[in-house]
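Engineer: Questions regarding the structure given below will be posed in turn.
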Amino acid sequence: MAGNGDRLSPIGRRRLCGLVLVVALGIGLSASRADSSQAYFGIRVVDEATGRGVPLVELETVNRLKWVTDSNGWAAIHEPGWGGQRVFFFVRSHGYEFPKDGFGFAGVALEVGPGKRSVVKIKRINVAERLYRVTGEGIYRDSVLLGEPAPLAEPLGSGKVAGQDSVFAELYRGKIYWFWGDTTRLSYPLGHFWMAAAVSELPGKGGLDPDLGVNLRYFTSQDGFSRPVARLGVEKGPIWADGFVTLRDPSGQERLVCHYAHMESLTKMLDHGLAVFRDEKSEFERLCELDMKDRWCFPAQAHPIRCRQGDTEYFYSGEVFPNVRVKADWHHYVDPKNYEGFTCRGDGESGDDAPLRGPDGRIVWRWRRGAPPVDPAAEQKWIAAGLMKAEEARFLPKDVDSGQPVLMHRGSVRWNPYRRRWMMIAVQQGGSSLLGEVWYSEAHEPTGPWRRAKKIVTHDRYSFYNPVHHSFFDQDGGKKIYFEGTYSQSFSGNAAATPRYDYNQVMYRLDLDDPRLRLAREEGPTDRAEVTAERTSGPADP
């Protein structure tokens, strides 16, 4: 060996020494991580039916110390004075339950110690299964501290994002483009308010299985923090964008476009218009400004779908139910005069504030250009006034458990090839937790009637708003679907915000074969004439 070493050049000897140093450092770092992980006591909370780790489970001791499980269901605990003791942990989680003892305490006593691990099983009450947190900091923090594997390329979060509001996702040029509203950071109480963005790969094309997570690559500034992609030249007031769609411009090039609202406050809009994504800059530019009287043409927080009637393709959109449409081409899209509302009001500039009936006494529903659509609130008012029977409503499905109508606030409608129905995932306005109850419903047509609904997710005095079903993640022919929403203390009345999870996106999965959904199903023949397999509607069956 000495002879071989003597034949190395001075540069070769330096490289060999460097390689030995790198290997030694690697071994040292691995040992250091292993030693560090052994300093923690780990509790993993798992679904008793599946064995999968459950995120967002609160563990609290009798002296009011709290931990919240990460996206793997792990909580890493390091309390030097607890070694060898049995410690009682209360176990709580939205939509899950833990058995109570004889005194009514829902919790478990565990022997705590450095390097020890315990598994706690919890029962899921929600129909949908909570999977992981999508955005924010420390997504797999506890797993990292415990030396446990995590599926993300950046398990502690990316884009230096602390929190993000209301997600949109659109397939564009072979990738998933993600957009969020107001985005917070760790370095200052205010973040940015002009739409954040990231891209990810599709599953099977370099992207993670949605069962595991989403590897987000943010558009960032030089400091690494998520940067605005829809500043649009404004100096004051946030920009909220929605209604993202792809269509071809007059030159035939595929473009990503959206509606934007320039806001002064949560309720006051300064102006609005349409914007187009400039790929060379990775940001939106104004396409045109719109008159405030045309606001109804672009429903807030809309997730449009592409539908076909005969030989004509349309974009359908709505805050929940698709009650506005326009032909899916550039010329019609940019001009509000081409937009139609789905209505049962009479003719005239605004129509009478009452449902129009035909000679047979039935309510007459139709698409009408220039007419604002009928929404669930209008139907609710007409029913209260005796102008409409409850069974005539199209947008007020009844809770299959209580029989009471459910007033939906925001959500999405997608075509589902497994059920061969249009499927709604939406949050209730009101209910046991303001904007915290998520519902499932289905219909033969995107305009309904939507007759029955089943609650699939509940939150205890916590908001979960603006949910959206990502049909590009559907699995098993659409039998398993994925949706996410904003988990937020805002509007909930809860004095305590959940660390890390608050004001972030949480992903759920729903198995459509779950027997608890049976009563919400819409049976009978399916009209396939309005279905087309385009980006905004997911993998539909034309």
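Chain lettering (A, B, ...) mirrors the order of the structure tokens, residue numbering begins at 1 for each chain separately, and ligand numbering begins at 1 in order of display.
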If we count only C-alpha atoms, what is near region 99-115 of chain A at a cut-off of 8 Å, once residues fewer than 6 positions away on the same chain are taken out, given as a PyMOL selection string?

Structural biologist: chain A and resi 37-42+78+82-92

Engineer: Taking the chain letters and numbering used in this document, name the residues of region 116-173 of chain A that DSSP puts in strand (DSSP E), as an MDAnalysis selection string.

Structural biologist: chainID A and resid 117:124 129:133 163:164 167:172

Engineer: Can you build me a table of region 279-357 of chain A residues sitting at most 8 Å from region 412-433 of chain A, with the closest atom pair per residue and its distance in Å to one decimal, using only C-alpha atoms, sorted by chain and residue number, as a tab-separated table?

Structural biologist:
```
residue	atom	partner	partner_atom	distance
A:Ala302	CA	A:Ser412	CA	7.5
A:His303	CA	A:Ser412	CA	6.0
A:Ile305	CA	A:Arg414	CA	7.0
A:Glu319	CA	A:Ser412	CA	7.7
A:Val320	CA	A:Ser412	CA	5.5
A:Phe321	CA	A:Val413	CA	6.7
A:Pro322	CA	A:Val413	CA	7.4
```

Engineer: Which is closest to Phe342 (chain A) among A:Ser158, A:Asn215, A:Thr246, A:Thr447, if we use only C-alpha atoms?

Structural biologist: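 The answer is A:Thr447, which sits nearest to Phe342 (chain A).
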
Engineer: If we count only C-alpha atoms and set the cut-off at 8 Å, which residues sit around Asp511 (chain A), ignoring sequence neighbours fewer than 6 positions away in its own chain? Please answer as a ChimeraX atom specification.

Structural biologist: /A:128,479-481

Engineer: For the residues selected in the previous step, produce a file with all heavy atoms as an mmCIF file, in the first residue's frame.

Structural biologist:
```cif
data_model
loop_
_atom_site.group_PDB
_atom_site.id
_atom_site.type_symbol
_atom_site.label_atom_id
_atom_site.label_comp_id
_atom_site.auth_asym_id
_atom_site.auth_seq_id
_atom_site.Cartn_x
_atom_site.Cartn_y
_atom_site.Cartn_z
ATOM 1 N N ALA A 128 -63.700 11.262 5.430
ATOM 2 C CA ALA A 128 -62.444 11.496 4.724
ATOM 3 C C ALA A 128 -61.272 11.317 5.686
ATOM 4 O O ALA A 128 -61.389 11.537 6.891
ATOM 5 C CB ALA A 128 -62.425 12.883 4.113
ATOM 6 N N LYS A 479 -61.996 6.243 -7.823
ATOM 7 C CA LYS A 479 -62.587 5.745 -6.582
ATOM 8 C C LYS A 479 -62.013 6.477 -5.362
ATOM 9 O O LYS A 479 -62.708 6.719 -4.379
ATOM 10 C CB LYS A 479 -62.343 4.242 -6.436
ATOM 11 C CG LYS A 479 -63.053 3.628 -5.219
ATOM 12 C CD LYS A 479 -62.962 2.113 -5.213
ATOM 13 C CE LYS A 479 -61.641 1.628 -4.655
ATOM 14 N NZ LYS A 479 -61.582 1.843 -3.182
ATOM 15 N N LYS A 480 -60.747 6.843 -5.452
ATOM 16 C CA LYS A 480 -60.110 7.610 -4.381
ATOM 17 C C LYS A 480 -59.831 9.005 -4.900
ATOM 18 O O LYS A 480 -59.211 9.178 -5.948
ATOM 19 C CB LYS A 480 -58.814 6.939 -3.929
ATOM 20 C CG LYS A 480 -59.027 5.585 -3.275
ATOM 21 C CD LYS A 480 -57.697 4.959 -2.887
ATOM 22 C CE LYS A 480 -57.910 3.588 -2.239
ATOM 23 N NZ LYS A 480 -56.617 2.936 -1.892
ATOM 24 N N ILE A 481 -60.300 10.004 -4.174
ATOM 25 C CA ILE A 481 -60.099 11.384 -4.583
ATOM 26 C C ILE A 481 -59.367 12.145 -3.476
ATOM 27 O O ILE A 481 -59.402 11.762 -2.299
ATOM 28 C CB ILE A 481 -61.425 12.087 -4.927
ATOM 29 C CG1 ILE A 481 -62.258 12.309 -3.660
ATOM 30 C CG2 ILE A 481 -62.212 11.293 -5.960
ATOM 31 C CD1 ILE A 481 -63.427 13.244 -3.866
#
```

Engineer: From the list A:Gly310, A:Tyr501, A:Thr220, A:Gly273, which residue is nearest Gly138 (chain A) when using only C-alpha atoms?

Structural biologist: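 Distance minimum relative to Gly138 (chain A) lands on A:Tyr501.
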
Engineer: Kindly indicate which residue among A:Ser441, A:Thr343, A:Thr61, A:Asn494 lies nearest to Arg521 (chain A), using only C-alpha atoms for the distances.

Structural biologist: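 When distances to Arg521 (chain A) are compared using only C-alpha atoms, the smallest one comes from A:Ser441.
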
Engineer: Expressed in Å to a single decimal, how great is the separation between CA of Trp194 (chain A) and CA of Arg231 (chain A)?

Structural biologist: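 Computed distance, CA of Trp194 (chain A) to CA of Arg231 (chain A), equals 5.2 Å.
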
Engineer: Quick one: of A:Arg64, A:Lys398, A:His469, A:Lys454, who's nearest to Arg410 (chain A), counting only C-alpha atoms?

Structural biologist: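 Of the candidates, the smallest distance to Arg410 (chain A) is held by A:His469.
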
Engineer: Closest to Ile139 (chain A) among A:Val68, A:Ile176, A:Ala196, A:Ile456, using only C-alpha atoms?

Structural biologist: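 The answer is A:Val68, which sits nearest to Ile139 (chain A).
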
Engineer: Based on DSSP run over this structure's backbone, return all residues of region 225-371 of chain A in helix (DSSP H, G or I), as a PyMOL selection string.

Structural biologist: chain A and resi 292-297+330-333+336-338

Engineer: Between A:Asp249, A:Asp474, A:Asp242, A:Asp399, which one has atoms that come closest to Val167 (chain A), using only C-alpha atoms?

Structural biologist: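 With only C-alpha atoms as the atom set, the closest residue is A:Asp242.
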
Engineer: Any idea what's packed within 6 Å of Phe277 (chain A), counting only C-alpha atoms, ignoring anything in its chain fewer than 5 positions away? Could you give it as a list in words?

Structural biologist: Leu256, Glu283 and Phe284 of chain A

Engineer: Next, dump the selected residues to file, keeping only N, CA, C and O atoms, as a PDB file, in the first residue's frame.

Structural biologist:
```pdb
ATOM      1  N   LEU A 256     -52.065  30.512 -19.790  1.00  0.00           N
ATOM      2  CA  LEU A 256     -52.675  30.383 -18.470  1.00  0.00           C
ATOM      3  C   LEU A 256     -53.233  31.753 -18.091  1.00  0.00           C
ATOM      4  O   LEU A 256     -52.494  32.746 -18.059  1.00  0.00           O
ATOM      5  N   GLU A 283     -44.700  35.430 -14.121  1.00  0.00           N
ATOM      6  CA  GLU A 283     -45.625  36.268 -13.375  1.00  0.00           C
ATOM      7  C   GLU A 283     -46.784  36.691 -14.280  1.00  0.00           C
ATOM      8  O   GLU A 283     -46.709  36.581 -15.506  1.00  0.00           O
ATOM      9  N   PHE A 284     -47.856  37.160 -13.637  1.00  0.00           N
ATOM     10  CA  PHE A 284     -49.037  37.579 -14.382  1.00  0.00           C
ATOM     11  C   PHE A 284     -48.938  39.063 -14.751  1.00  0.00           C
ATOM     12  O   PHE A 284     -48.372  39.864 -14.016  1.00  0.00           O
TER      13      PHE A 284
END
```

Engineer: Can you work out the spacing between CA of Gln164 (chain A) and CA of Val57 (chain A) in Å, to one decimal?

Structural biologist: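 A separation of 20.6 Å between them.
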